[in-house]
file upload15.txt (compact mmCIF, C-alpha atoms)
# COMPACT_ATOMS: atom_id res chain seq x y z
CA PHE A 544 286.83 51.95 221.18
CA ILE A 545 283.72 52.49 223.23
CA VAL A 546 280.76 53.38 221.06
CA GLY A 547 277.29 54.23 222.24
CA LEU A 548 274.63 55.16 219.69
CA ALA A 549 271.58 57.10 220.80
CA MET A 550 272.86 56.89 224.34
CA SER A 551 272.40 59.29 227.18
CA ARG A 552 271.12 57.52 230.22
CA SER A 553 274.17 56.88 232.33
CA LEU A 554 277.78 57.78 231.97
CA CYS A 555 278.39 55.63 235.01
CA GLY A 556 278.88 52.71 232.64
CA LEU A 557 281.32 54.77 230.60
CA ALA A 558 283.15 55.80 233.78
CA PHE A 559 283.37 52.15 234.80
CA TRP A 560 284.98 51.16 231.49
CA VAL A 561 287.38 54.10 231.57
CA GLN A 562 288.41 53.19 235.13
CA LEU A 563 288.80 49.53 234.21
CA LEU A 564 290.84 50.24 231.10
CA LEU A 565 292.97 52.98 232.66
CA GLY A 566 293.85 50.66 235.52
CA SER A 567 295.74 48.41 233.12
CA ALA A 568 299.39 48.90 232.15
CA ARG A 569 298.64 49.67 228.51
CA ALA A 570 297.89 53.07 227.01
CA PRO A 571 294.39 54.42 227.62
CA PRO A 572 291.91 53.56 224.86
CA HIS A 573 290.46 56.03 222.41
CA LEU A 574 286.88 56.89 223.33
CA ILE A 575 284.34 57.76 220.68
CA PHE A 576 280.82 58.66 221.78
CA VAL A 577 278.21 59.03 219.05
CA LEU A 578 274.81 60.55 219.81
CA VAL A 579 272.37 60.75 216.92
CA ASP A 580 268.99 62.49 216.93
CA ASP A 581 266.07 60.63 215.39
CA LEU A 582 268.01 57.45 214.64
CA GLY A 583 265.78 54.43 214.32
CA PHE A 584 266.87 51.07 215.70
CA GLY A 585 267.06 49.58 212.22
CA ASP A 586 268.84 52.59 210.69
CA VAL A 587 272.32 51.10 211.22
CA GLY A 588 273.72 47.93 209.76
CA PHE A 589 274.83 46.36 213.06
CA ASN A 590 271.19 46.20 214.19
CA SER A 591 269.85 44.74 210.94
CA ARG A 592 270.03 41.20 212.29
CA PHE A 593 267.47 42.19 214.95
CA ALA A 594 265.17 44.27 212.76
CA ASN A 595 262.55 42.43 210.79
CA SER A 596 262.15 44.45 207.61
CA SER A 597 263.64 44.50 204.15
CA ALA A 598 264.54 48.19 204.55
CA SER A 599 266.76 47.48 207.56
CA ARG A 600 268.63 44.79 205.63
CA GLU A 601 269.34 47.28 202.82
CA ILE A 602 271.11 49.77 205.07
CA ARG A 603 274.88 49.57 204.91
CA THR A 604 276.96 51.34 207.55
CA PRO A 605 280.33 49.54 207.36
CA SER A 606 282.41 52.13 209.24
CA ILE A 607 280.01 52.33 212.17
CA ASP A 608 279.58 48.55 212.11
CA GLU A 609 283.35 48.12 212.38
CA LEU A 610 283.58 50.51 215.33
CA VAL A 611 280.85 48.56 217.10
CA SER A 612 282.43 45.18 216.36
CA GLU A 613 285.80 46.34 217.76
CA GLY A 614 284.35 48.15 220.74
CA VAL A 615 281.63 47.98 223.33
CA HIS A 616 278.10 48.23 221.98
CA LEU A 617 275.92 49.71 224.70
CA THR A 618 272.38 48.45 224.19
CA ARG A 619 270.51 49.43 227.34
CA HIS A 620 270.78 53.21 227.19
CA TYR A 621 267.88 55.34 226.09
CA VAL A 622 267.24 58.94 225.17
CA HIS A 623 264.73 61.50 226.37
CA SER A 624 261.95 62.49 224.00
CA THR A 625 263.65 65.80 223.17
CA CYS A 626 267.23 66.70 222.37
CA THR A 627 268.26 69.09 225.18
CA PRO A 628 267.58 66.64 228.04
CA THR A 629 269.34 63.86 226.14
CA ARG A 630 272.45 65.95 225.57
CA THR A 631 272.60 67.39 229.10
CA SER A 632 272.25 63.87 230.45
CA ALA A 633 275.06 62.57 228.24
CA GLN A 634 277.35 65.44 229.25
CA SER A 635 276.63 65.19 232.99
CA GLY A 636 276.11 61.46 233.47
CA ARG A 637 272.84 62.14 235.25
CA LEU A 638 269.28 61.33 234.31
CA PRO A 639 267.46 64.21 232.58
CA VAL A 640 265.14 64.67 235.57
CA HIS A 641 268.20 65.80 237.55
CA VAL A 642 269.56 68.10 234.84
CA GLN A 643 267.05 69.43 232.29
CA THR A 644 263.72 68.03 231.13
CA THR A 645 262.50 70.85 228.92
CA LEU A 646 263.39 72.06 225.47
CA LYS A 647 264.64 75.56 226.21
CA ASN A 648 266.46 77.84 223.85
CA PRO A 649 270.21 77.52 224.41
CA GLU A 650 270.78 81.22 225.08
CA GLU A 651 268.45 81.20 228.13
CA PRO A 652 270.39 81.31 231.42
CA ASP A 653 268.68 78.22 232.84
CA SER A 654 269.00 76.17 229.66
CA GLY A 655 271.35 73.26 229.36
CA MET A 656 273.50 71.77 232.07
CA PRO A 657 273.77 73.81 235.28
CA ARG A 658 277.26 75.21 235.91
CA ASN A 659 277.56 73.42 239.25
CA MET A 660 277.62 70.05 237.48
CA THR A 661 280.87 68.53 236.27
CA GLY A 662 280.85 67.36 232.68
CA VAL A 663 282.36 64.28 231.08
CA ALA A 664 285.02 66.29 229.18
CA GLU A 665 286.32 67.79 232.43
CA LYS A 666 286.72 64.31 233.91
CA LEU A 667 288.37 62.93 230.77
CA ARG A 668 290.85 65.82 230.64
CA ALA A 669 291.70 65.24 234.29
CA ALA A 670 292.47 61.61 233.32
CA GLY A 671 294.88 62.79 230.62
CA TYR A 672 292.63 62.59 227.57
CA HIS A 673 292.37 65.13 224.76
CA THR A 674 288.76 66.14 224.26
CA HIS A 675 287.03 67.28 221.07
CA TYR A 676 283.37 67.85 220.28
CA VAL A 677 281.73 67.86 216.86
CA GLY A 678 278.06 68.44 216.04
CA LYS A 679 274.99 69.75 217.78
CA TRP A 680 275.80 71.11 221.25
CA ASP A 681 272.39 72.05 222.74
CA VAL A 682 273.74 72.01 226.31
CA GLY A 683 273.59 75.77 226.79
CA MET A 684 275.37 78.90 225.62
CA ALA A 685 274.19 81.62 228.03
CA THR A 686 277.78 82.26 229.11
CA HIS A 687 281.21 81.14 227.93
CA LYS A 688 281.20 78.59 230.76
CA HIS A 689 278.17 76.86 229.20
CA THR A 690 279.93 76.32 225.86
CA PRO A 691 282.08 73.29 224.95
CA ARG A 692 285.29 75.16 225.84
CA GLY A 693 283.81 76.13 229.21
CA ARG A 694 282.82 72.50 229.76
CA GLY A 695 286.30 71.09 229.21
CA TYR A 696 286.51 70.46 225.48
CA GLU A 697 289.78 71.59 223.92
CA THR A 698 288.29 72.07 220.47
CA SER A 699 284.83 72.01 218.99
CA LEU A 700 283.07 72.32 215.66
CA ILE A 701 279.46 72.83 216.63
CA TYR A 702 276.17 74.60 216.23
CA PHE A 703 274.28 75.75 219.32
CA GLU A 704 270.70 75.68 218.16
CA HIS A 705 268.07 72.93 218.27
CA LYS A 706 267.59 72.96 214.52
CA ASN A 707 269.93 74.06 211.77
CA ASP A 708 269.50 73.62 208.06
CA TYR A 709 272.45 71.53 206.90
CA TRP A 710 272.35 73.01 203.41
CA THR A 711 271.94 76.72 204.17
CA GLN A 712 273.55 76.69 207.65
CA LYS A 713 270.70 78.86 208.96
CA CYS A 714 269.25 78.30 212.39
CA MET A 715 265.58 77.47 212.32
CA GLN A 716 264.46 77.90 215.92
CA SER A 717 264.89 80.14 218.99
CA GLN A 718 265.18 83.78 219.81
CA CYS A 719 268.92 83.61 219.18
CA CYS A 720 268.23 83.44 215.44
CA LYS A 721 266.20 86.64 215.60
CA ASN A 722 268.75 88.44 217.79
CA PHE A 723 271.82 87.63 215.69
CA GLY A 724 270.69 88.02 212.12
CA SER A 725 268.36 89.98 209.94
CA GLU A 726 264.91 88.71 209.05
CA ASP A 727 266.20 88.16 205.50
CA ASP A 728 269.00 85.96 206.85
CA GLN A 729 266.53 83.72 208.63
CA SER A 730 264.08 83.07 205.81

call {"tool": "encode", "arguments": {"input": "upload15.txt", "output": "structure tokens"}}
result
Amino acid sequence: FIVGLAMSRSLCGLAFWVQLLLGSARAPPHLIFVLVDDLGFGDVGFNSRFANSSASREIRTPSIDELVSEGVHLTRHYVHSTCTPTRTSAQSGRLPVHVQTTLKNPEEPDSGMPRNMTGVAEKLRAAGYHTHYVGKWDVGMATHKHTPRGRGYETSLIYFEHKNDYWTQKCMQSQCCKNFGSEDDQS
């Protein structure tokens, strides 16, 4: 397992590990990439030994801790200050400055990852992997080609917007909310 939390900076490292592991005679490894918005360093158990607070020692994340202990814990990858550049960087393997550095609404044609860039799912599928995406997409939705399916994912369970209410499932930001729902639906 290769696990990267709050990672977006370079998929070159991921590509290196995939190449290294695929070059061996054994079956290719399962790859799990976890990207979490607003996750503090001490908000996971495997970092509690580094954090110096009682709150960080109280946090228990045994499943994530196990994935990290059995995999590769990437510790030198950082995120952009907003979500869209972080996600476009993670999907393209390029720094945000080369992809997207603004927080645009996902339905805008120039939002997300430009279509001329190859995404990580396309490369993984070419290497024989099955690809699935779950969670916040925020890499564009102006056309079908900007969506997870258009980017190489076989299946996805996502929401497109920057902010969604987990309890009501209503989007909370962007023109898309106003265009595809009544005012009552968006309250």

call {"tool": "residues_around", "arguments": {"input": "upload15.txt", "residues": "Glu609 (chain A)", "least_positions_apart": "5", "cutoff": "9 Å", "atoms": "all atoms listed in the file", "output": "ChimeraX atom specification"}}
result
/A:589,604,614

call {"tool": "atom_distance", "arguments": {"input": "upload15.txt", "atom1": "CA of Leu610 (chain A)", "atom2": "CA of Cys626 (chain A)"}}
result
24.1 Å

call {"tool": "residues_around", "arguments": {"input": "upload15.txt", "residues": "region 656-661 of chain A", "least_positions_apart": "3", "cutoff": "9 Å", "atoms": "all atoms listed in the file", "output": "number ranges by chain"}}
result
A: 628, 630-632, 634-636, 642-643, 653, 664-666, 682-683, 688-689, 694

call {"tool": "atom_distance", "arguments": {"input": "upload15.txt", "atom1": "CA of Asp586 (chain A)", "atom2": "CA of His620 (chain A)"}}
result
16.6 Å

call {"tool": "atom_distance", "arguments": {"input": "upload15.txt", "atom1": "CA of Lys679 (chain A)", "atom2": "CA of Tyr702 (chain A)"}}
result
5.2 Å
